[in-house]
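For reference, my_file.cif (mmCIF, C-alpha atoms):
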data_entry
#
loop_
_atom_site.group_PDB
_atom_site.id
_atom_site.type_symbol
_atom_site.label_atom_id
_atom_site.label_comp_id
_atom_site.auth_asym_id
_atom_site.auth_seq_id
_atom_site.Cartn_x
_atom_site.Cartn_y
_atom_site.Cartn_z
ATOM 1 C CA MET A 1 -60.512 -51.388 -36.332
ATOM 2 C CA THR A 2 -58.202 -52.656 -39.027
ATOM 3 C CA THR A 3 -57.719 -50.791 -42.285
ATOM 4 C CA GLU A 4 -59.719 -53.409 -44.204
ATOM 5 C CA GLU A 5 -62.607 -53.127 -41.778
ATOM 6 C CA LEU A 6 -62.511 -49.335 -41.997
ATOM 7 C CA LYS A 7 -62.429 -49.411 -45.785
ATOM 8 C CA SER A 8 -65.449 -51.653 -45.842
ATOM 9 C CA LEU A 9 -67.521 -49.314 -43.658
ATOM 10 C CA LYS A 10 -70.478 -47.692 -45.321
ATOM 11 C CA SER A 11 -70.525 -44.055 -44.253
ATOM 12 C CA ASP A 12 -73.900 -42.416 -43.768
ATOM 13 C CA LYS A 13 -72.374 -38.962 -43.899
ATOM 14 C CA VAL A 14 -69.074 -37.828 -45.345
ATOM 15 C CA VAL A 15 -67.613 -34.549 -44.142
ATOM 16 C CA ASP A 16 -65.102 -33.102 -46.552
ATOM 17 C CA ALA A 17 -62.833 -30.848 -44.506
ATOM 18 C CA ARG A 18 -59.879 -31.203 -46.852
ATOM 19 C CA GLY A 19 -58.029 -27.991 -47.460
ATOM 20 C CA THR A 20 -59.246 -26.380 -44.255
ATOM 21 C CA ALA A 21 -56.889 -25.858 -41.371
ATOM 22 C CA CYS A 22 -57.441 -26.034 -37.623
ATOM 23 C CA PRO A 23 -60.043 -25.454 -36.263
ATOM 24 C CA GLY A 24 -61.804 -26.085 -39.594
ATOM 25 C CA PRO A 25 -62.145 -29.892 -39.474
ATOM 26 C CA LEU A 26 -63.444 -29.822 -35.889
ATOM 27 C CA LEU A 27 -66.020 -27.182 -36.711
ATOM 28 C CA ALA A 28 -67.116 -29.011 -39.865
ATOM 29 C CA ALA A 29 -67.451 -32.242 -37.879
ATOM 30 C CA LYS A 30 -69.537 -30.554 -35.205
ATOM 31 C CA LYS A 31 -71.818 -28.933 -37.770
ATOM 32 C CA ALA A 32 -72.305 -32.182 -39.705
ATOM 33 C CA ALA A 33 -72.948 -34.205 -36.549
ATOM 34 C CA ALA A 34 -76.172 -32.259 -36.075
ATOM 35 C CA ASP A 35 -77.560 -33.916 -39.231
ATOM 36 C CA VAL A 36 -76.461 -37.409 -38.286
ATOM 37 C CA GLN A 37 -78.790 -39.816 -36.469
ATOM 38 C CA PRO A 38 -77.489 -41.788 -33.474
ATOM 39 C CA GLY A 39 -76.102 -45.094 -34.714
ATOM 40 C CA GLN A 40 -75.102 -43.675 -38.100
ATOM 41 C CA ILE A 41 -71.532 -43.664 -39.350
ATOM 42 C CA MET A 42 -69.728 -40.433 -40.128
ATOM 43 C CA GLU A 43 -66.557 -40.152 -42.193
ATOM 44 C CA ILE A 44 -64.353 -37.091 -41.958
ATOM 45 C CA LEU A 45 -61.867 -36.232 -44.686
ATOM 46 C CA SER A 46 -59.004 -33.959 -43.721
ATOM 47 C CA SER A 47 -55.653 -32.904 -45.089
ATOM 48 C CA ASP A 48 -54.577 -31.619 -41.683
ATOM 49 C CA GLU A 49 -52.547 -34.064 -39.596
ATOM 50 C CA GLY A 50 -53.685 -32.477 -36.347
ATOM 51 C CA THR A 51 -57.178 -33.742 -37.089
ATOM 52 C CA LYS A 52 -55.968 -37.319 -36.494
ATOM 53 C CA SER A 53 -55.414 -36.481 -32.853
ATOM 54 C CA ASP A 54 -58.314 -34.020 -32.479
ATOM 55 C CA ILE A 55 -61.204 -36.174 -33.681
ATOM 56 C CA PRO A 56 -60.679 -39.170 -31.336
ATOM 57 C CA ARG A 57 -60.698 -36.774 -28.396
ATOM 58 C CA TRP A 58 -63.734 -34.966 -29.775
ATOM 59 C CA CYS A 59 -65.502 -38.324 -30.005
ATOM 60 C CA THR A 60 -64.701 -39.102 -26.372
ATOM 61 C CA LYS A 61 -66.073 -35.701 -25.390
ATOM 62 C CA MET A 62 -69.264 -36.072 -27.409
ATOM 63 C CA ASN A 63 -69.705 -39.742 -26.458
ATOM 64 C CA TYR A 64 -69.359 -40.965 -30.038
ATOM 65 C CA GLU A 65 -67.592 -44.201 -30.938
ATOM 66 C CA TYR A 66 -64.312 -43.612 -32.765
ATOM 67 C CA PHE A 67 -63.367 -46.420 -35.154
ATOM 68 C CA GLY A 68 -60.010 -45.344 -36.539
ATOM 69 C CA SER A 69 -58.363 -43.640 -39.478
ATOM 70 C CA ILE A 70 -56.858 -44.439 -42.853
ATOM 71 C CA ASP A 71 -54.028 -42.408 -44.358
ATOM 72 C CA GLU A 72 -54.382 -42.090 -48.126
ATOM 73 C CA ASP A 73 -51.527 -40.019 -49.562
ATOM 74 C CA GLY A 74 -51.763 -37.178 -47.109
ATOM 75 C CA ILE A 75 -55.543 -37.306 -46.882
ATOM 76 C CA TYR A 76 -56.846 -38.707 -43.634
ATOM 77 C CA ARG A 77 -60.163 -40.541 -43.489
ATOM 78 C CA LEU A 78 -61.543 -40.802 -39.981
ATOM 79 C CA PHE A 79 -64.522 -42.985 -39.097
ATOM 80 C CA LEU A 80 -66.844 -42.699 -36.167
ATOM 81 C CA LYS A 81 -70.313 -43.703 -35.063
ATOM 82 C CA LYS A 82 -72.632 -41.253 -33.349
ATOM 83 C CA MET B 1 -78.951 -49.290 14.258
ATOM 84 C CA SER B 2 -80.942 -48.416 11.146
ATOM 85 C CA LEU B 3 -81.431 -44.881 12.484
ATOM 86 C CA GLU B 4 -77.654 -44.479 12.559
ATOM 87 C CA ILE B 5 -77.395 -45.669 8.972
ATOM 88 C CA GLU B 6 -80.196 -43.343 7.899
ATOM 89 C CA LYS B 7 -78.372 -40.392 9.465
ATOM 90 C CA GLN B 8 -75.132 -41.364 7.741
ATOM 91 C CA VAL B 9 -76.859 -41.721 4.386
ATOM 92 C CA LYS B 10 -78.458 -38.282 4.810
ATOM 93 C CA LEU B 11 -75.051 -36.793 5.668
ATOM 94 C CA LEU B 12 -73.452 -38.413 2.625
ATOM 95 C CA GLU B 13 -76.290 -37.216 0.401
ATOM 96 C CA ASP B 14 -75.828 -33.637 1.603
ATOM 97 C CA GLN B 15 -72.075 -33.801 1.087
ATOM 98 C CA LEU B 16 -72.535 -35.243 -2.399
ATOM 99 C CA LYS B 17 -74.915 -32.440 -3.315
ATOM 100 C CA GLN B 18 -72.398 -29.894 -2.077
ATOM 101 C CA LEU B 19 -69.576 -31.472 -4.064
ATOM 102 C CA GLN B 20 -71.673 -31.671 -7.221
ATOM 103 C CA GLY B 21 -72.535 -28.007 -6.871
ATOM 104 C CA ALA B 22 -68.881 -27.063 -6.474
ATOM 105 C CA GLN B 23 -67.695 -29.026 -9.515
ATOM 106 C CA ALA B 24 -66.209 -27.018 -12.314
ATOM 107 C CA LYS B 25 -68.377 -26.528 -15.412
ATOM 108 C CA ASP B 26 -67.393 -27.758 -18.830
ATOM 109 C CA GLN B 27 -66.284 -24.261 -19.597
ATOM 110 C CA ILE B 28 -63.158 -22.344 -20.551
ATOM 111 C CA SER B 29 -62.406 -18.762 -19.519
ATOM 112 C CA ILE B 30 -59.907 -16.865 -21.654
ATOM 113 C CA ILE B 31 -58.441 -13.490 -20.722
ATOM 114 C CA VAL B 32 -57.219 -11.682 -23.809
ATOM 115 C CA PHE B 33 -54.769 -9.095 -22.502
ATOM 116 C CA SER B 34 -52.583 -8.922 -25.581
ATOM 117 C CA GLY B 35 -53.395 -6.971 -28.721
ATOM 118 C CA ASP B 36 -50.884 -8.781 -30.923
ATOM 119 C CA LEU B 37 -52.287 -10.477 -34.011
ATOM 120 C CA ASP B 38 -50.596 -13.823 -33.382
ATOM 121 C CA LYS B 39 -51.776 -13.952 -29.790
ATOM 122 C CA VAL B 40 -55.396 -13.008 -30.430
ATOM 123 C CA LEU B 41 -55.471 -15.472 -33.334
ATOM 124 C CA ALA B 42 -54.438 -18.208 -30.933
ATOM 125 C CA ALA B 43 -57.130 -17.063 -28.506
ATOM 126 C CA MET B 44 -59.845 -17.148 -31.174
ATOM 127 C CA ILE B 45 -58.782 -20.546 -32.524
ATOM 128 C CA ILE B 46 -58.876 -21.978 -29.012
ATOM 129 C CA ALA B 47 -62.254 -20.347 -28.383
ATOM 130 C CA THR B 48 -63.881 -21.707 -31.539
ATOM 131 C CA GLY B 49 -62.201 -25.092 -31.093
ATOM 132 C CA ALA B 50 -63.592 -25.286 -27.574
ATOM 133 C CA ARG B 51 -67.099 -24.632 -28.912
ATOM 134 C CA ALA B 52 -66.590 -27.465 -31.375
ATOM 135 C CA MET B 53 -65.926 -29.675 -28.351
ATOM 136 C CA ASP B 54 -69.177 -28.445 -26.849
ATOM 137 C CA MET B 55 -67.491 -26.437 -24.103
ATOM 138 C CA GLU B 56 -68.902 -23.093 -23.019
ATOM 139 C CA VAL B 57 -66.489 -20.294 -23.784
ATOM 140 C CA LYS B 58 -66.218 -16.979 -21.993
ATOM 141 C CA MET B 59 -63.690 -14.449 -23.224
ATOM 142 C CA PHE B 60 -62.647 -11.404 -21.268
ATOM 143 C CA PHE B 61 -60.912 -8.721 -23.320
ATOM 144 C CA THR B 62 -58.800 -6.272 -21.376
ATOM 145 C CA PHE B 63 -56.033 -3.702 -21.993
ATOM 146 C CA TRP B 64 -54.505 -4.164 -25.425
ATOM 147 C CA GLY B 65 -56.978 -6.933 -26.234
ATOM 148 C CA THR B 66 -59.783 -4.380 -26.424
ATOM 149 C CA THR B 67 -58.195 -2.898 -29.558
ATOM 150 C CA MET B 68 -59.183 -6.024 -31.498
ATOM 151 C CA LEU B 69 -62.829 -5.230 -30.897
ATOM 152 C CA ARG B 70 -62.745 -1.693 -32.281
ATOM 153 C CA ASP B 71 -64.710 -1.199 -35.467
ATOM 154 C CA LYS B 72 -62.509 0.426 -38.103
ATOM 155 C CA ASN B 73 -65.550 2.085 -39.624
ATOM 156 C CA LYS B 74 -66.820 3.763 -36.468
ATOM 157 C CA SER B 75 -65.479 7.041 -35.102
ATOM 158 C CA PRO B 76 -67.471 8.408 -32.190
ATOM 159 C CA LYS B 77 -67.259 12.092 -31.371
ATOM 160 C CA GLY B 78 -66.832 13.718 -28.017
ATOM 161 C CA LYS B 79 -63.497 12.322 -26.932
ATOM 162 C CA ASP B 80 -61.117 14.352 -24.845
ATOM 163 C CA PHE B 81 -57.521 14.919 -25.916
ATOM 164 C CA MET B 82 -55.971 11.933 -24.125
ATOM 165 C CA SER B 83 -58.655 9.599 -25.457
ATOM 166 C CA LYS B 84 -58.143 10.907 -28.985
ATOM 167 C CA MET B 85 -54.391 10.298 -28.648
ATOM 168 C CA PHE B 86 -54.886 6.721 -27.412
ATOM 169 C CA GLY B 87 -57.411 6.106 -30.140
ATOM 170 C CA PHE B 88 -54.971 7.320 -32.745
ATOM 171 C CA MET B 89 -51.914 5.477 -31.445
ATOM 172 C CA LEU B 90 -53.590 2.125 -30.871
ATOM 173 C CA PRO B 91 -54.658 -0.263 -33.644
ATOM 174 C CA LYS B 92 -58.201 0.346 -34.780
ATOM 175 C CA GLY B 93 -59.639 -3.139 -34.980
ATOM 176 C CA SER B 94 -58.661 -6.657 -35.957
ATOM 177 C CA THR B 95 -57.307 -5.775 -39.401
ATOM 178 C CA LYS B 96 -54.774 -3.384 -37.914
ATOM 179 C CA LEU B 97 -53.175 -5.716 -35.370
ATOM 180 C CA LYS B 98 -49.496 -6.572 -35.663
ATOM 181 C CA LEU B 99 -47.412 -9.633 -34.924
ATOM 182 C CA SER B 100 -45.723 -9.773 -31.538
ATOM 183 C CA LYS B 101 -42.495 -10.829 -33.232
ATOM 184 C CA LEU B 102 -41.099 -10.347 -36.727
ATOM 185 C CA ASN B 103 -43.498 -7.537 -37.529
ATOM 186 C CA MET B 104 -40.637 -5.931 -39.491
ATOM 187 C CA GLY B 105 -42.390 -2.651 -39.968
ATOM 188 C CA GLY B 106 -45.614 -4.373 -41.004
ATOM 189 C CA MET B 107 -43.991 -6.661 -43.602
ATOM 190 C CA GLY B 108 -43.998 -9.689 -41.342
ATOM 191 C CA THR B 109 -47.658 -9.217 -40.532
ATOM 192 C CA GLU B 110 -48.630 -8.944 -44.198
ATOM 193 C CA MET B 111 -46.530 -12.006 -45.042
ATOM 194 C CA LEU B 112 -48.256 -14.051 -42.357
ATOM 195 C CA LYS B 113 -51.694 -12.948 -43.523
ATOM 196 C CA GLY B 114 -50.739 -13.947 -47.066
ATOM 197 C CA LEU B 115 -49.515 -17.340 -45.880
ATOM 198 C CA MET B 116 -52.701 -17.902 -43.926
ATOM 199 C CA GLN B 117 -54.813 -17.153 -46.961
ATOM 200 C CA LYS B 118 -52.725 -19.491 -49.109
ATOM 201 C CA LYS B 119 -53.027 -22.338 -46.628
ATOM 202 C CA ASN B 120 -56.707 -21.747 -46.068
ATOM 203 C CA VAL B 121 -56.273 -20.854 -42.412
ATOM 204 C CA ALA B 122 -59.237 -18.803 -41.220
ATOM 205 C CA SER B 123 -58.460 -15.096 -40.876
ATOM 206 C CA LEU B 124 -59.015 -13.278 -37.589
ATOM 207 C CA GLU B 125 -62.108 -11.629 -39.022
ATOM 208 C CA ASP B 126 -63.495 -15.036 -40.108
ATOM 209 C CA LEU B 127 -62.823 -16.412 -36.642
ATOM 210 C CA ILE B 128 -64.676 -13.549 -35.002
ATOM 211 C CA THR B 129 -67.693 -14.215 -37.253
ATOM 212 C CA ILE B 130 -67.516 -17.948 -36.495
ATOM 213 C CA ALA B 131 -67.223 -17.216 -32.770
ATOM 214 C CA ALA B 132 -70.366 -15.080 -32.917
ATOM 215 C CA GLU B 133 -72.262 -17.866 -34.709
ATOM 216 C CA LEU B 134 -71.076 -20.406 -32.170
ATOM 217 C CA GLU B 135 -72.097 -18.149 -29.263
ATOM 218 C CA VAL B 136 -68.676 -17.548 -27.769
ATOM 219 C CA GLU B 137 -69.378 -15.038 -25.013
ATOM 220 C CA ILE B 138 -67.250 -11.883 -25.131
ATOM 221 C CA CYS B 139 -66.985 -9.470 -22.212
ATOM 222 C CA ILE B 140 -64.958 -6.283 -22.345
ATOM 223 C CA CYS B 141 -63.202 -4.818 -19.353
ATOM 224 C CA GLN B 142 -64.974 -1.522 -18.627
ATOM 225 C CA MET B 143 -61.927 -0.150 -16.861
ATOM 226 C CA SER B 144 -59.732 -0.664 -19.906
ATOM 227 C CA MET B 145 -62.332 1.112 -22.016
ATOM 228 C CA ASP B 146 -62.272 4.062 -19.602
ATOM 229 C CA LEU B 147 -58.473 4.176 -19.402
ATOM 230 C CA MET B 148 -57.984 4.181 -23.136
ATOM 231 C CA GLY B 149 -60.959 6.411 -23.783
ATOM 232 C CA PHE B 150 -62.779 3.929 -26.020
ATOM 233 C CA LYS B 151 -66.521 4.332 -26.294
ATOM 234 C CA LYS B 152 -69.079 1.541 -26.628
ATOM 235 C CA GLU B 153 -70.212 3.074 -29.926
ATOM 236 C CA GLU B 154 -66.889 2.355 -31.584
ATOM 237 C CA MET B 155 -66.808 -1.361 -30.836
ATOM 238 C CA ILE B 156 -67.841 -3.994 -33.363
ATOM 239 C CA ASP B 157 -71.379 -5.354 -33.496
ATOM 240 C CA TYR B 158 -70.807 -8.607 -31.665
ATOM 241 C CA PRO B 159 -73.925 -10.327 -30.292
ATOM 242 C CA ASN B 160 -74.455 -9.853 -26.541
ATOM 243 C CA LEU B 161 -71.270 -7.875 -26.002
ATOM 244 C CA LYS B 162 -71.000 -7.101 -22.301
ATOM 245 C CA TYR B 163 -68.987 -4.532 -20.375
ATOM 246 C CA VAL B 164 -67.877 -5.931 -17.070
ATOM 247 C CA GLY B 165 -65.425 -5.687 -14.213
ATOM 248 C CA VAL B 166 -62.840 -8.087 -12.895
ATOM 249 C CA GLY B 167 -65.390 -9.569 -10.475
ATOM 250 C CA THR B 168 -67.342 -10.959 -13.400
ATOM 251 C CA TYR B 169 -64.231 -12.526 -14.869
ATOM 252 C CA LEU B 170 -63.250 -14.068 -11.522
ATOM 253 C CA ALA B 171 -66.724 -15.438 -10.857
ATOM 254 C CA ASP B 172 -66.916 -16.976 -14.353
ATOM 255 C CA ALA B 173 -63.353 -18.271 -14.211
ATOM 256 C CA GLY B 174 -63.958 -19.813 -10.815
ATOM 257 C CA GLU B 175 -66.567 -22.040 -12.426
ATOM 258 C CA SER B 176 -64.499 -22.949 -15.466
ATOM 259 C CA ARG B 177 -62.383 -26.028 -15.803
ATOM 260 C CA VAL B 178 -59.837 -24.223 -17.935
ATOM 261 C CA GLN B 179 -58.496 -20.685 -17.521
ATOM 262 C CA LEU B 180 -56.108 -19.038 -19.953
ATOM 263 C CA PHE B 181 -54.270 -15.718 -19.984
ATOM 264 C CA ILE B 182 -53.287 -14.664 -23.482
#
Could the structure of this file be written out as structure tokens, please?
Amino acid sequence: MTTEELKSLKSDKVVDARGTACPGPLLAAKKAAADVQPGQIMEILSSDEGTKSDIPRWCTKMNYEYFGSIDEDGIYRLFLKK
Amino acid sequence: MSLEIEKQVKLLEDQLKQLQGAQAKDQISIIVFSGDLDKVLAAMIIATGARAMDMEVKMFFTFWGTTMLRDKNKSPKGKDFMSKMFGFMLPKGSTKLKLSKLNMGGMGTEMLKGLMQKKNVASLEDLITIAAELEVEICICQMSMDLMGFKKEEMIDYPNLKYVGVGTYLADAGESRVQLFI
């Protein structure tokens, strides 16, 4: 998805994992996913660059649809659909 | 003609069942042989990360790795001289582990711990708690316990802690897709 499309997404759940380091963002994402209904959109905020490569793979593993990420001054916003 | 095909289908079905049964599980087996702080940290991060990816995780602590699981507040009685010596010379629990490199008399280890706290990296103790919550399975090598004279009563209260032999590790590892030796 393009950046504009990502920015226009309405997230049903935002997971703020900023400030935590590996494996923090992954664990936060997994915990939050339990509260998300299938079809809903989840947004993960992270300050850890590794998360950009971890979350797409996590989505493949969990069978979620990964939309893409936006870099905003060192904060990464990653979007996916359960 | 159709009888032939039926037989072939049955054969294929049996073979498929066999293959499916022999497929590796979505599981990772980690041997923790080392008792160095940096190495066990890596092991615990991998273990908890694997649980986040919904993989089963089985850890097998042996030799120096067993020292991480000692409880610094527990001191069982009834040890013979050799066991007391080992117990004294080896680190008593996760907080006492040292870096494998750059320990610099303990300074390096303290510096790393300080850095980790500053950068919000989970401490080893936090990771052990998280692992317990996420149901990472931990088995301890009984032989290592015997060799070093550790008693079950001095290990930390980790849920479902098991004491096993190498056969258990090998059987579990044989089913796992990923095997690591740390």
Enter the distance from CA of Ser34 (chain B) to CA of Trp64 (chain B), in Å, rounded to one decimal. 5.1 Å
For this file, the PyMOL selection byres ((chain B) within 6 of (chain A)) selects which residues, as a ChimeraX atom specification? /B:49,52-53,120-121
Please provide the set of residues having any atom within 12 Å of Gly39 (chain A), restricted to all atoms listed in the file, with same-chain residues fewer than 4 positions apart removed, written as a PDB file with C-alpha atoms, in the coordinates of the input.
ATOM      1  CA  SER A  11     -70.525 -44.055 -44.253  1.00  0.00           C
ATOM      2  CA  ASP A  12     -73.900 -42.416 -43.768  1.00  0.00           C
ATOM      3  CA  LYS A  13     -72.374 -38.962 -43.899  1.00  0.00           C
ATOM      4  CA  ALA A  33     -72.948 -34.205 -36.549  1.00  0.00           C
ATOM      5  CA  ASN A  63     -69.705 -39.742 -26.458  1.00  0.00           C
ATOM      6  CA  TYR A  64     -69.359 -40.965 -30.038  1.00  0.00           C
ATOM      7  CA  GLU A  65     -67.592 -44.201 -30.938  1.00  0.00           C
ATOM      8  CA  LEU A  80     -66.844 -42.699 -36.167  1.00  0.00           C
ATOM      9  CA  LYS A  81     -70.313 -43.703 -35.063  1.00  0.00           C
ATOM     10  CA  LYS A  82     -72.632 -41.253 -33.349  1.00  0.00           C
TER      11      LYS A  82
END
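Residues lying within 6 Å of region 145-158 of chain B, counting all atoms listed in the file and ignoring same-chain neighbours fewer than 2 positions away, are Leu69, Arg70, Asp71, Lys74, Ser83, Phe86, Gln142, Met143 and Leu161 of chain B.
You will find CA of Val136 (chain B) at 23.0 Å from CA of Pro91 (chain B).
Non-sequential neighbours of Ser94 (chain B) (distance at most 7 Å, separation of 6 or more positions within a chain, only C-alpha atoms) are Met68, Leu69, Leu124 and Glu125 of chain B.
For the pair CA of Leu112 (chain B) and CA of Val57 (chain B), the interatomic distance is 26.8 Å.
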For the provided coordinates, the residues matched by the PyMOL selection byres ((chain A and resi 79) around 10) should be stated as a PyMOL selection string. chain A and resi 1+6-7+9-11+14+41-45+55-56+65-70+76-78+80-81
Could you tell me, as a PDB file with C-alpha atoms, in the coordinates of the input, exactly which residues end up selected when the PyMOL selection byres ((chain A and resi 49) around 10) is applied to this structure?
ATOM      1  CA  ALA A  21     -56.889 -25.858 -41.371  1.00  0.00           C
ATOM      2  CA  CYS A  22     -57.441 -26.034 -37.623  1.00  0.00           C
ATOM      3  CA  SER A  46     -59.004 -33.959 -43.721  1.00  0.00           C
ATOM      4  CA  SER A  47     -55.653 -32.904 -45.089  1.00  0.00           C
ATOM      5  CA  ASP A  48     -54.577 -31.619 -41.683  1.00  0.00           C
ATOM      6  CA  GLY A  50     -53.685 -32.477 -36.347  1.00  0.00           C
ATOM      7  CA  THR A  51     -57.178 -33.742 -37.089  1.00  0.00           C
ATOM      8  CA  LYS A  52     -55.968 -37.319 -36.494  1.00  0.00           C
ATOM      9  CA  SER A  53     -55.414 -36.481 -32.853  1.00  0.00           C
ATOM     10  CA  ASP A  54     -58.314 -34.020 -32.479  1.00  0.00           C
ATOM     11  CA  ASP A  71     -54.028 -42.408 -44.358  1.00  0.00           C
ATOM     12  CA  GLY A  74     -51.763 -37.178 -47.109  1.00  0.00           C
ATOM     13  CA  ILE A  75     -55.543 -37.306 -46.882  1.00  0.00           C
ATOM     14  CA  TYR A  76     -56.846 -38.707 -43.634  1.00  0.00           C
TER      15      TYR A  76
END
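Counting all atoms listed in the file, the residue from B:Met55, B:Met89, B:Met104, B:Leu11 that sits nearest to Lys25 (chain B) is B:Met55.
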Quick one: residues within 12 Å of Tyr169 (chain B), only C-alpha atoms, excluding same-chain residues fewer than 5 positions away - as an mmCIF file with C-alpha atoms, in the coordinates of the input?
data_model
loop_
_atom_site.group_PDB
_atom_site.id
_atom_site.type_symbol
_atom_site.label_atom_id
_atom_site.label_comp_id
_atom_site.auth_asym_id
_atom_site.auth_seq_id
_atom_site.Cartn_x
_atom_site.Cartn_y
_atom_site.Cartn_z
ATOM 1 C CA ILE B 28 -63.158 -22.344 -20.551
ATOM 2 C CA SER B 29 -62.406 -18.762 -19.519
ATOM 3 C CA ILE B 30 -59.907 -16.865 -21.654
ATOM 4 C CA ILE B 31 -58.441 -13.490 -20.722
ATOM 5 C CA VAL B 32 -57.219 -11.682 -23.809
ATOM 6 C CA LYS B 58 -66.218 -16.979 -21.993
ATOM 7 C CA MET B 59 -63.690 -14.449 -23.224
ATOM 8 C CA PHE B 60 -62.647 -11.404 -21.268
ATOM 9 C CA PHE B 61 -60.912 -8.721 -23.320
ATOM 10 C CA THR B 62 -58.800 -6.272 -21.376
ATOM 11 C CA GLU B 137 -69.378 -15.038 -25.013
ATOM 12 C CA ILE B 138 -67.250 -11.883 -25.131
ATOM 13 C CA CYS B 139 -66.985 -9.470 -22.212
ATOM 14 C CA ILE B 140 -64.958 -6.283 -22.345
ATOM 15 C CA CYS B 141 -63.202 -4.818 -19.353
ATOM 16 C CA GLN B 142 -64.974 -1.522 -18.627
ATOM 17 C CA LYS B 162 -71.000 -7.101 -22.301
ATOM 18 C CA TYR B 163 -68.987 -4.532 -20.375
ATOM 19 C CA VAL B 164 -67.877 -5.931 -17.070
ATOM 20 C CA GLY B 174 -63.958 -19.813 -10.815
ATOM 21 C CA GLU B 175 -66.567 -22.040 -12.426
ATOM 22 C CA SER B 176 -64.499 -22.949 -15.466
ATOM 23 C CA GLN B 179 -58.496 -20.685 -17.521
ATOM 24 C CA LEU B 180 -56.108 -19.038 -19.953
ATOM 25 C CA PHE B 181 -54.270 -15.718 -19.984
#
